[in-house]
Structure formats: C-alpha cells, structure tokens
$ cat my_file00.txt   # compact mmCIF, C-alpha atoms
# COMPACT_ATOMS: atom_id res chain seq x y z
CA MET A 462 184.55 -20.59 -68.24
CA THR A 463 184.02 -21.18 -64.51
CA PRO A 464 186.38 -23.87 -63.17
CA ARG A 465 184.80 -26.97 -61.71
CA PRO A 466 184.96 -26.84 -57.88
CA THR A 467 187.24 -29.19 -55.99
CA ARG A 468 185.62 -30.61 -52.88
CA PHE A 469 187.22 -30.84 -49.45
CA ASP A 470 186.06 -31.54 -45.91
CA ALA A 471 187.60 -28.30 -44.65
CA ILE A 472 189.19 -25.20 -46.13
CA ILE A 473 191.64 -23.28 -43.95
CA LEU A 474 192.42 -19.70 -44.91
CA GLY A 475 195.93 -18.86 -43.74
CA ALA A 476 199.10 -20.93 -43.43
CA GLY A 477 200.38 -19.30 -40.27
CA ALA A 478 200.81 -20.89 -36.85
CA ALA A 479 197.11 -21.44 -36.14
CA GLY A 480 196.21 -22.51 -39.66
CA LEU A 481 199.04 -25.03 -39.91
CA MET A 482 198.10 -26.56 -36.53
CA ALA A 483 194.47 -26.87 -37.60
CA ALA A 484 195.57 -28.47 -40.87
CA ARG A 485 197.81 -30.91 -39.02
CA VAL A 486 195.09 -32.02 -36.62
CA ALA A 487 192.25 -32.21 -39.14
CA SER A 488 194.28 -34.01 -41.82
CA GLN A 489 195.57 -36.55 -39.30
CA ARG A 490 191.95 -37.25 -38.38
CA GLY A 491 191.37 -38.27 -41.98
CA ARG A 492 189.75 -35.06 -43.15
CA ARG A 493 190.46 -33.83 -46.66
CA VAL A 494 191.93 -30.41 -46.00
CA LEU A 495 192.93 -27.49 -48.21
CA VAL A 496 195.06 -24.64 -46.84
CA ILE A 497 195.03 -21.40 -48.86
CA ASP A 498 197.49 -18.54 -48.37
CA HIS A 499 198.18 -15.49 -50.51
CA ASN A 500 201.85 -15.62 -49.49
CA ALA A 501 204.28 -17.74 -51.49
CA GLU A 502 205.43 -19.67 -48.42
CA PRO A 503 203.96 -20.82 -45.09
CA GLY A 504 204.60 -19.45 -41.61
CA ARG A 505 206.10 -16.06 -42.43
CA LYS A 506 205.57 -14.70 -38.91
CA ILE A 507 206.96 -17.91 -37.42
CA LEU A 508 210.13 -17.46 -39.47
CA ILE A 509 210.92 -13.97 -38.13
CA SER A 510 209.81 -14.57 -34.54
CA GLY A 511 212.30 -14.66 -31.69
CA GLY A 512 215.03 -13.17 -33.82
CA GLY A 513 214.67 -16.08 -36.24
CA ARG A 514 214.68 -18.72 -33.50
CA CYS A 515 210.92 -18.75 -32.77
CA ASN A 516 209.77 -18.30 -29.18
CA PHE A 517 207.35 -21.16 -29.79
CA THR A 518 205.61 -21.36 -26.39
CA ASN A 519 205.79 -20.32 -22.75
CA LEU A 520 205.85 -22.70 -19.80
CA GLY A 521 203.93 -20.13 -17.74
CA THR A 522 200.89 -20.20 -20.02
CA ALA A 523 197.70 -19.46 -18.08
CA PRO A 524 194.44 -17.75 -19.03
CA ASP A 525 195.30 -14.63 -17.02
CA ARG A 526 198.17 -13.95 -19.42
CA PHE A 527 195.73 -13.19 -22.23
CA LEU A 528 193.60 -10.14 -23.00
CA SER A 529 190.04 -10.54 -24.28
CA ALA A 530 186.65 -8.94 -23.83
CA ASN A 531 185.79 -12.36 -22.35
CA PRO A 532 188.73 -13.33 -20.12
CA HIS A 533 187.32 -16.86 -19.70
CA PHE A 534 187.08 -17.70 -23.41
CA ALA A 535 190.63 -19.00 -23.86
CA LYS A 536 190.50 -21.38 -20.88
CA SER A 537 189.02 -24.35 -22.73
CA ALA A 538 191.44 -24.46 -25.67
CA LEU A 539 194.48 -23.65 -23.52
CA SER A 540 193.65 -26.45 -21.09
CA ARG A 541 193.17 -29.03 -23.85
CA TYR A 542 196.34 -28.26 -25.80
CA THR A 543 199.15 -27.19 -23.48
CA PRO A 544 202.80 -26.11 -23.80
CA ALA A 545 203.75 -29.68 -22.82
CA ASP A 546 201.77 -30.99 -25.81
CA PHE A 547 203.57 -28.73 -28.24
CA LEU A 548 206.91 -29.44 -26.60
CA ALA A 549 206.31 -33.16 -27.09
CA LEU A 550 205.78 -32.47 -30.78
CA VAL A 551 209.02 -30.45 -30.96
CA ASN A 552 210.95 -33.17 -29.14
CA GLY A 553 209.45 -35.82 -31.40
CA HIS A 554 210.99 -34.05 -34.38
CA GLY A 555 214.38 -33.81 -32.68
CA ILE A 556 214.36 -30.01 -32.57
CA ALA A 557 216.81 -28.70 -29.96
CA TRP A 558 215.46 -25.91 -27.76
CA HIS A 559 216.28 -23.86 -24.69
CA GLU A 560 214.47 -21.84 -22.05
CA LYS A 561 215.58 -18.23 -22.18
CA THR A 562 213.85 -16.32 -19.36
CA LEU A 563 210.38 -16.23 -17.81
CA GLY A 564 209.40 -19.61 -19.28
CA GLN A 565 210.13 -18.61 -22.88
CA LEU A 566 211.17 -21.55 -25.09
CA PHE A 567 213.23 -20.98 -28.25
CA CYS A 568 214.76 -23.18 -30.92
CA ASP A 569 218.51 -23.60 -30.55
CA GLY A 570 218.72 -23.43 -34.32
CA SER A 571 216.21 -21.82 -36.63
CA ALA A 572 212.50 -21.02 -36.74
CA LYS A 573 212.55 -22.80 -40.07
CA GLN A 574 212.56 -26.04 -38.08
CA ILE A 575 209.13 -25.23 -36.59
CA VAL A 576 207.65 -24.47 -40.02
CA ALA A 577 209.19 -27.64 -41.48
CA MET A 578 207.80 -29.66 -38.56
CA LEU A 579 204.27 -28.31 -39.03
CA MET A 580 204.38 -28.87 -42.79
CA ALA A 581 205.59 -32.44 -42.26
CA GLU A 582 202.83 -33.03 -39.72
CA ALA A 583 200.25 -31.68 -42.19
CA ALA A 584 201.66 -33.58 -45.17
CA ALA A 585 198.27 -35.16 -45.88
CA ALA A 586 196.70 -31.72 -46.45
CA SER A 587 196.67 -29.86 -49.75
CA PHE A 588 198.20 -26.39 -49.99
CA ALA A 589 197.60 -23.47 -52.33
CA PHE A 590 200.30 -20.81 -51.90
CA GLY A 591 200.43 -17.49 -53.75
CA ALA A 592 196.67 -17.81 -54.14
CA PRO A 593 194.76 -14.67 -53.11
CA VAL A 594 191.15 -15.35 -52.16
CA ARG A 595 188.88 -13.63 -54.67
CA ALA A 596 185.53 -14.46 -53.06
CA VAL A 597 183.96 -16.57 -50.32
CA GLU A 598 180.31 -17.60 -50.42
CA HIS A 599 178.08 -19.83 -48.32
CA ALA A 600 175.05 -21.71 -49.63
CA ASP A 601 173.39 -25.08 -49.11
CA GLY A 602 175.58 -25.91 -46.12
CA ALA A 603 178.86 -25.38 -47.95
CA PHE A 604 181.50 -22.69 -48.30
CA ARG A 605 182.68 -21.86 -51.80
CA VAL A 606 186.10 -20.21 -52.05
CA ALA A 607 187.47 -18.71 -55.27
CA HIS A 608 191.26 -18.51 -55.01
CA GLY A 609 193.68 -17.78 -57.80
CA ALA A 610 192.30 -19.60 -60.83
CA HIS A 611 190.54 -22.23 -58.71
CA VAL A 612 187.30 -22.77 -56.85
CA SER A 613 187.11 -25.05 -53.81
CA VAL A 614 184.11 -26.13 -51.77
CA ALA A 615 183.83 -27.54 -48.22
CA PRO A 616 181.28 -27.76 -45.41
CA ALA A 617 183.84 -26.23 -43.00
CA LEU A 618 185.79 -22.99 -43.33
CA VAL A 619 188.49 -21.91 -40.85
CA ILE A 620 189.52 -18.25 -40.72
CA ALA A 621 193.21 -18.27 -39.74
CA THR A 622 194.47 -15.20 -41.57
CA GLY A 623 195.59 -13.33 -38.44
CA GLY A 624 195.42 -9.59 -37.89
CA PRO A 625 196.98 -6.57 -39.61
CA SER A 626 200.19 -6.46 -37.53
CA ILE A 627 203.45 -6.50 -39.56
CA PRO A 628 201.89 -5.78 -42.98
CA LYS A 629 205.28 -6.16 -44.71
CA LEU A 630 204.82 -9.92 -44.18
CA GLY A 631 201.48 -9.83 -45.98
CA ALA A 632 199.32 -9.31 -42.88
CA SER A 633 195.97 -7.61 -43.44
CA ASP A 634 192.49 -7.15 -42.01
CA PHE A 635 191.08 -9.77 -44.39
CA ALA A 636 189.69 -11.82 -41.48
CA TYR A 637 187.59 -8.91 -40.27
CA GLY A 638 185.87 -8.37 -43.62
CA LEU A 639 185.08 -12.07 -43.80
CA ALA A 640 183.76 -12.04 -40.24
CA ARG A 641 181.44 -9.14 -41.03
CA GLN A 642 180.28 -10.87 -44.19
CA PHE A 643 179.13 -13.87 -42.17
CA GLY A 644 177.59 -11.94 -39.29
CA LEU A 645 180.37 -12.15 -36.69
CA LYS A 646 180.96 -9.02 -34.61
CA LEU A 647 184.33 -7.41 -33.96
CA VAL A 648 186.07 -5.99 -30.92
CA GLU A 649 187.88 -2.90 -32.18
CA PRO A 650 191.33 -4.04 -33.36
CA ARG A 651 194.42 -2.14 -32.22
CA PRO A 652 198.20 -2.63 -32.30
CA ALA A 653 199.53 -4.59 -29.30
CA LEU A 654 203.00 -5.47 -28.04
CA VAL A 655 204.05 -2.27 -29.76
CA PRO A 656 206.48 0.59 -29.01
CA LEU A 657 204.89 3.79 -27.69
CA THR A 658 205.61 7.26 -29.05
CA LEU A 659 206.21 10.34 -26.92
CA PRO A 660 205.14 13.92 -27.70
CA PRO A 661 207.61 16.76 -28.42
CA ALA A 662 207.43 17.84 -24.77
CA GLU A 663 209.31 14.64 -23.90
CA ALA A 664 212.19 15.35 -26.31
CA LEU A 665 214.60 15.09 -23.38
CA PHE A 666 213.83 11.37 -23.13
CA GLN A 667 213.88 10.81 -26.90
CA ALA A 668 217.47 12.11 -26.80
CA LEU A 669 218.28 8.99 -24.74
CA SER A 670 217.77 6.71 -27.76
CA GLY A 671 219.49 3.37 -27.14
CA VAL A 672 219.49 3.58 -23.34
CA ALA A 673 217.86 0.60 -21.59
CA THR A 674 217.19 -0.13 -17.91
CA PRO A 675 215.13 -2.56 -15.79
CA VAL A 676 211.82 -0.98 -14.71
CA VAL A 677 208.29 -1.78 -13.68
CA ALA A 678 205.91 -0.41 -16.34
CA ARG A 679 202.22 -0.03 -15.49
CA ALA A 680 199.21 0.57 -17.72
CA GLY A 681 195.69 0.17 -16.44
CA LYS A 682 195.77 -2.60 -13.83
CA ALA A 683 198.71 -4.44 -15.42
CA ALA A 684 202.35 -4.14 -14.34
CA PHE A 685 205.44 -5.71 -15.91
CA ARG A 686 208.97 -5.87 -14.55
CA GLU A 687 211.38 -6.10 -17.45
CA ALA A 688 213.64 -3.79 -19.43
CA ALA A 689 212.53 -0.49 -20.93
CA LEU A 690 214.34 0.98 -23.92
CA PHE A 691 214.35 4.62 -24.99
CA THR A 692 214.06 5.14 -28.75
CA HIS A 693 214.27 8.20 -31.00
CA ARG A 694 210.45 8.12 -31.11
CA GLY A 695 209.61 7.15 -27.55
CA LEU A 696 209.60 3.99 -25.45
CA SER A 697 210.12 0.31 -26.24
CA GLY A 698 211.69 -2.78 -24.67
CA PRO A 699 209.88 -5.79 -23.17
CA ALA A 700 208.30 -3.93 -20.23
CA ILE A 701 206.85 -1.26 -22.52
CA LEU A 702 205.68 -3.73 -25.17
CA GLN A 703 203.87 -5.71 -22.48
CA ALA A 704 202.24 -2.60 -20.99
CA SER A 705 201.27 -1.31 -24.46
CA SER A 706 198.63 -4.02 -24.81
CA TYR A 707 196.85 -2.55 -21.78
CA TRP A 708 197.52 1.13 -22.55
CA ARG A 709 194.78 3.31 -24.03
CA HIS A 710 195.06 6.70 -25.70
CA ARG A 711 194.98 9.71 -23.39
CA GLU A 712 195.90 7.55 -20.41
CA PRO A 713 199.25 7.69 -18.58
CA LEU A 714 201.93 5.03 -18.61
CA TRP A 715 203.62 4.74 -15.22
CA VAL A 716 207.27 3.72 -14.95
CA ASP A 717 209.09 2.78 -11.73
CA PHE A 718 212.73 3.54 -12.49
CA VAL A 719 213.97 2.28 -9.10
CA PRO A 720 211.94 -0.88 -8.35
CA ASP A 721 214.55 -2.23 -5.93
CA CYS A 722 214.83 0.92 -3.82
CA PRO A 723 212.79 1.51 -0.62
CA HIS A 724 210.45 4.48 -0.62
CA ASP A 725 212.77 6.56 1.56
CA TRP A 726 216.00 5.68 -0.22
CA LEU A 727 216.88 9.29 -1.10
CA THR A 728 216.54 10.50 2.48
CA GLN A 729 218.65 7.53 3.54
CA ALA A 730 221.26 8.56 0.98
CA LYS A 731 221.18 12.10 2.38
CA ARG A 732 221.97 10.79 5.88
CA ALA A 733 224.75 8.51 4.66
CA ARG A 734 226.31 10.86 2.06
CA PRO A 735 225.17 14.44 2.57
CA ARG A 736 227.74 15.82 0.09
CA ALA A 737 226.57 13.63 -2.80
CA THR A 738 224.29 15.08 -5.49
CA LEU A 739 221.01 13.62 -6.74
CA LYS A 740 222.61 12.95 -10.12
CA THR A 741 225.41 10.99 -8.44
CA VAL A 742 223.15 8.70 -6.41
CA LEU A 743 220.81 8.20 -9.38
CA ALA A 744 223.77 7.18 -11.56
CA GLU A 745 224.43 4.35 -9.08
CA GLN A 746 220.98 2.93 -9.84
CA LEU A 747 220.55 3.84 -13.51
CA PRO A 748 222.53 4.39 -16.72
CA SER A 749 224.36 7.71 -16.43
CA ARG A 750 222.57 9.43 -19.32
CA LEU A 751 219.18 8.48 -17.89
CA ALA A 752 220.24 9.51 -14.39
CA GLU A 753 221.26 12.92 -15.71
CA ALA A 754 217.97 13.39 -17.60
CA LEU A 755 215.85 12.43 -14.60
CA ALA A 756 217.89 14.64 -12.26
CA ASP A 757 217.41 17.56 -14.65
CA ARG A 758 213.65 17.00 -14.66
CA LEU A 759 213.52 16.74 -10.88
CA ALA A 760 215.42 20.05 -10.66
CA LEU A 761 216.96 19.43 -7.25
CA ALA A 762 220.36 21.12 -7.48
CA GLY A 763 223.08 21.03 -4.88
CA GLU A 764 224.24 18.48 -2.34
CA LEU A 765 221.69 16.13 -0.79
CA GLY A 766 222.51 17.52 2.66
CA SER A 767 221.18 20.92 1.54
CA LEU A 768 217.86 19.56 0.28
CA PRO A 769 214.72 19.23 2.45
CA ASP A 770 213.61 15.68 3.32
CA ARG A 771 210.18 16.46 1.88
CA ALA A 772 211.64 17.38 -1.50
CA LEU A 773 213.70 14.19 -1.55
CA SER A 774 210.68 12.09 -0.57
CA GLN A 775 208.65 13.64 -3.39
CA ALA A 776 211.50 12.98 -5.82
CA GLY A 777 211.61 9.34 -4.69
CA GLU A 778 207.86 9.01 -5.20
CA ARG A 779 208.11 10.45 -8.69
CA LEU A 780 210.98 8.15 -9.65
CA ALA A 781 208.87 5.19 -8.51
CA ALA A 782 205.82 6.33 -10.50
CA TRP A 783 207.02 8.51 -13.37
CA ALA A 784 204.06 9.46 -15.54
CA PHE A 785 204.47 9.48 -19.30
CA MET A 786 201.62 10.55 -21.58
CA PRO A 787 202.34 8.70 -24.84
CA SER A 788 201.09 10.37 -27.99
CA GLY A 789 200.35 7.01 -29.57
CA THR A 790 201.98 3.81 -30.77
CA GLU A 791 204.23 2.95 -33.69
CA GLY A 792 201.24 1.22 -35.25
CA TYR A 793 200.69 -2.11 -36.95
CA ALA A 794 204.02 -1.85 -38.79
CA LYS A 795 205.89 -2.38 -35.50
CA ALA A 796 203.22 -4.27 -33.52
CA GLU A 797 204.01 -7.90 -32.81
CA VAL A 798 200.31 -8.78 -32.62
CA THR A 799 196.84 -7.29 -32.94
CA ALA A 800 194.57 -6.94 -29.93
CA GLY A 801 190.82 -7.14 -30.50
CA GLY A 802 189.42 -8.84 -33.58
CA ILE A 803 186.60 -11.33 -34.04
CA ALA A 804 184.43 -11.18 -30.92
CA THR A 805 184.47 -14.35 -28.85
CA ALA A 806 180.79 -13.86 -27.94
CA GLY A 807 179.89 -15.33 -31.33
CA LEU A 808 182.22 -18.34 -31.03
CA SER A 809 182.24 -21.64 -29.16
CA SER A 810 185.21 -21.84 -26.79
CA GLN A 811 185.24 -25.62 -27.34
CA THR A 812 185.39 -25.70 -31.13
CA MET A 813 186.11 -22.08 -32.17
CA ALA A 814 182.99 -22.37 -34.35
CA ALA A 815 180.52 -19.59 -35.05
CA ARG A 816 177.41 -20.18 -32.96
CA HIS A 817 175.01 -19.02 -35.68
CA LEU A 818 176.67 -20.58 -38.74
CA PRO A 819 177.69 -24.25 -38.53
CA GLY A 820 181.03 -24.99 -40.20
CA LEU A 821 182.56 -21.54 -39.81
CA HIS A 822 185.53 -21.34 -37.40
CA ALA A 823 187.94 -18.55 -36.42
CA ILE A 824 191.30 -19.13 -34.72
CA GLY A 825 194.59 -17.53 -33.75
CA GLU A 826 195.31 -13.82 -33.94
CA ALA A 827 192.12 -13.14 -35.92
CA VAL A 828 190.17 -13.72 -32.69
CA ASP A 829 189.89 -11.32 -29.74
CA VAL A 830 192.46 -13.21 -27.62
CA THR A 831 195.89 -11.61 -27.24
CA GLY A 832 198.74 -13.03 -25.19
CA TRP A 833 201.63 -11.45 -23.35
CA LEU A 834 205.04 -11.17 -24.94
CA GLY A 835 207.13 -14.33 -24.75
CA GLY A 836 205.52 -17.23 -26.64
CA TYR A 837 201.97 -16.86 -25.35
CA ASN A 838 200.50 -15.88 -28.71
CA PHE A 839 202.03 -18.93 -30.36
CA GLN A 840 200.52 -21.12 -27.65
CA TRP A 841 197.10 -19.57 -28.36
CA ALA A 842 197.65 -20.29 -32.07
CA TRP A 843 198.49 -23.95 -31.34
CA ALA A 844 195.62 -24.38 -28.87
CA SER A 845 192.91 -22.68 -30.93
CA GLY A 846 194.15 -24.41 -34.09
CA TRP A 847 194.01 -27.76 -32.32
CA ALA A 848 190.45 -27.06 -31.10
CA ALA A 849 189.24 -26.22 -34.61
CA GLY A 850 191.17 -29.10 -36.17
CA MET A 851 189.41 -31.52 -33.83
CA ALA A 852 186.02 -30.08 -34.75
CA VAL A 853 185.99 -29.75 -38.54
$ encode --input "my_file00.txt" --output "structure tokens"
Amino acid sequence: MTPRPTRFDAIILGAGAAGLMAARVASQRGRRVLVIDHNAEPGRKILISGGGRCNFTNLGTAPDRFLSANPHFAKSALSRYTPADFLALVNGHGIAWHEKTLGQLFCDGSAKQIVAMLMAEAAAASFAFGAPVRAVEHADGAFRVAHGAHVSVAPALVIATGGPSIPKLGASDFAYGLARQFGLKLVEPRPALVPLTLPPAEALFQALSGVATPVVARAGKAAFREAALFTHRGLSGPAILQASSYWRHREPLWVDFVPDCPHDWLTQAKRARPRATLKTVLAEQLPSRLAEALADRLALAGELGSLPDRALSQAGERLAAWAFMPSGTEGYAKAEVTAGGIATAGLSSQTMAARHLPGLHAIGEAVDVTGWLGGYNFQWAWASGWAAGMAV
C-alpha cells in the first residue's frame, strides 16, 4: 500500500552545511521544511573539518578565491551573506573561536558546536535521518520524494547533497544524477584540495615522506605560498592542496623551494663562501633531507668556488621553478571537496534556482563553485544555502 504523502513547502535533500543553512533560513521565514539525509546524523563533514574544530569561514572571502566555469556566479550570494553574518550567528550562540592564519576562523572547542547551533536554528524544520531517497518525481508543479518508508511532496526541492569527496562519510554523486534527471547540465566533476601522486621516476622525492617546507606552488595561473609536504605517494600540504584545484592531468606543477632567495643567491654564496658545497648552502634554506635530494638531482659536485657561475645560476632557476609531473591525485577518498558539478549556467545566482524548472534549487558543493582551502567552501555553503532559503 502506497503511503499517503506528507506535504511541505520545501524539501531539502542533504543535512550538510548548505542544507542546514537553507533549512534554518526557510523555516525561520515560516516555511514548512523537511530535510532528508541518508546518514544517521547531520553535518558529518562539518564534524571532521579543521581537525574536529571546524574552519567555519574565512575573513578573506572574495569571489576570486573560488573556481567556477562562471567566475562571476558566486558574487551575488557571497555579497548577501558574508563571513561577518555567520560570525554574528556563532557569537550569538556563545561559541568561542580563534583566527588561525590567513583569515581562517576555527572553533576553540569542537565542530559539534557548529552542528548543534545549526540544528537549534532550524528547530522548526522536520528531519528524516537514515532515510535514503528511493525516487524523486516532478508533476503538476510539485516534487514528490520517496524516502525510506515515506513519501513527501513540496513545490520546492533543494539539492544539497554535496559531491563525491570523502565517500567514507556517505558522500556520493547523487546530486549529479538528480541534476541530469531534471535537465541541468554538469561541469565535469574532479577531486579538489587533494594530494598529488608522483610517478616512479620521482621515487627520490617519495623517499622524503614526512618532510615539509614552505614553498610557492604554481598550477595554471594560480600560485600559493604555504607549506608543502612530501608523502610516500607524492606531494601534499596546504600549498599543494591549493594548487591541486587548478592542476590538470599531463600538466606540470611548479614549486619554488627558495621563495625568499634572490635569483642570484647561489653565485652570491660562491663569492662569500667558495669552499662551501651546494648541499651545505641548500641545507641552510631547507630541511637537510630535502636539501640532499635536491643537490643530488642538480648534480653539482664539489665546492661552490669550483663551479661555473652559469651552472649555479641555472641551479638557482631550477630551485625557484622545479617542475613536477604528477601522475594523478589521491582521488575522492582524500579530496576535501569536489570541483565541477552542477553547471551554474542553468541556475539563478540570486536564488540558486533552476532557470527552466521553477522550485528546483541546487546549493553548496553540488554546484560548480569551489573555494580555496581555509574555510571558503563553508562560506559558500552558508551563502548559497541562505540564498535558497530566502527563495523557497
């Protein structure tokens, strides 16, 4: 026997950051809201973020810190719901926080406080946890969602199920299938903010697993000055994760190992200390194991005083733009977010609604808007969730 549908004003699929914000805003506007999630609890990515302390926003939020096929799309939502707005919410709930570096704001205590805050703010909404969606249909101006043993109907449906990054938390490509079903196009999804793998030819660097150093990492037109970390599979650390979002297969990743050194620093070192070796002067700038590996690759043996200026200049240039050819990434399992997703060309930047199908909205990571590392993706979740919550 088919269960009798329960009627709502809006159904939100996904109880992550974006979905909870949309539920908060819509329910506080008096809308009857249902949030459905196949997980048994809300905000699973929030709970693990920032080492369990949730890097909940970034004070440096600006549209140029986001990737999208349409770089202008995020401007509207980001301008209407800002880091200051979310911070006011956090302060209103008495949650202690601190700024770490580069505008990144974290809870002093636990990420659980952010989830509890959002659930308290959305207390007027209804929730269905542990309820996989069996089918979604649209007819006569309403969306019909079969979930668990229930059927719910609403004129508005919000896709907030994220992307496939970190599948162990229940992440999937569910949003993409739903988007296709309702005629929304996709920008090819790919892992972002993800460690890069190196081929066997770079085994020398893989042997440096655990070594970290400040660098400038470049991919495409983007450059990031933060730490790089060598792993047993390749490269990680904040600088590499940032660059990974811009890196494409069969393209080089450029690393400046000596960003604070002038271009002629090795010839200067030769003049000042002709009896020093390249390995010795490198070890003054870099961790010793890394200095040794780079010196071996540069293959300039002997004292600096015995080496031609031209060879030292070329070595300095290479150290400032060391080309790696990554073999790939560590995939969605290790990716913090997914780049690509539901194409913004089919959505309103004001309401996050599908242009061709009234009532259908897509928000958060499911959409082709991807932020830098450091709280930007949460701010996009809050802003896009707020925009949809104001519109349903």
$ closest_residue --input "my_file00.txt" --among "A:Phe590, A:Tyr707, A:Phe527, A:Phe666" --to "Ala653 in chain A" --atoms "only C-alpha atoms"
A:Tyr707
$ residues_near_point --input "my_file00.txt" --point "(213.2, -26.1, -29.9)" --cutoff "7 Å" --atoms "all atoms listed in the file" --output "PyMOL selection string"
chain A and resi 551+556-559+566-569
$ closest_residue --input "my_file00.txt" --among "A:Leu821, A:Leu474, A:Val619, A:Gly480" --to "Ile507 in chain A" --atoms "only C-alpha atoms"
A:Gly480
$ atom_distance --input "my_file00.txt" --atom1 "CA of Ser537 in chain A" --atom2 "CA of Trp843 in chain A"
12.8 Å
$ closest_residue --input "my_file00.txt" --among "A:Leu727, A:Ile575, A:Ser670, A:Ser705" --to "Ala772 in chain A" --atoms "only C-alpha atoms"
A:Leu727
$ closest_residue --input "my_file00.txt" --among "A:Leu780, A:Leu659, A:Met851, A:Ala610" --to "Ala678 in chain A" --atoms "only C-alpha atoms"
A:Leu780
$ atom_distance --input "my_file00.txt" --atom1 "CA of Phe685 in chain A" --atom2 "CA of Leu702 in chain A"
9.5 Å
$ closest_residue --input "my_file00.txt" --among "A:Arg771, A:Ser587, A:Val496, A:Thr790" --to "Ala704 in chain A" --atoms "all atoms listed in the file"
A:Thr790
$ closest_residue --input "my_file00.txt" --among "A:Thr805, A:Thr674, A:Thr738, A:Ser749" --to "Val716 in chain A" --atoms "only C-alpha atoms"
A:Thr674
$ residues_around --input "my_file00.txt" --residues "Leu481 in chain A" --least-positions-apart "5" --cutoff "9 Å" --atoms "all atoms listed in the file" --output "list in words"
Ile473, Gly475, Ala476, Val486, Val496, Pro503, Gly504, Val576, Leu579, Met580, Glu582, Ala583, Ala621, Trp843 and Gly846 of chain A
$ residues_around --input "my_file00.txt" --residues "Ile803 in chain A" --least-positions-apart "4" --cutoff "12 Å" --atoms "all atoms listed in the file" --output "ChimeraX atom specification"
/A:529-531,620-624,634-650,799,807-808,813-815,822-831
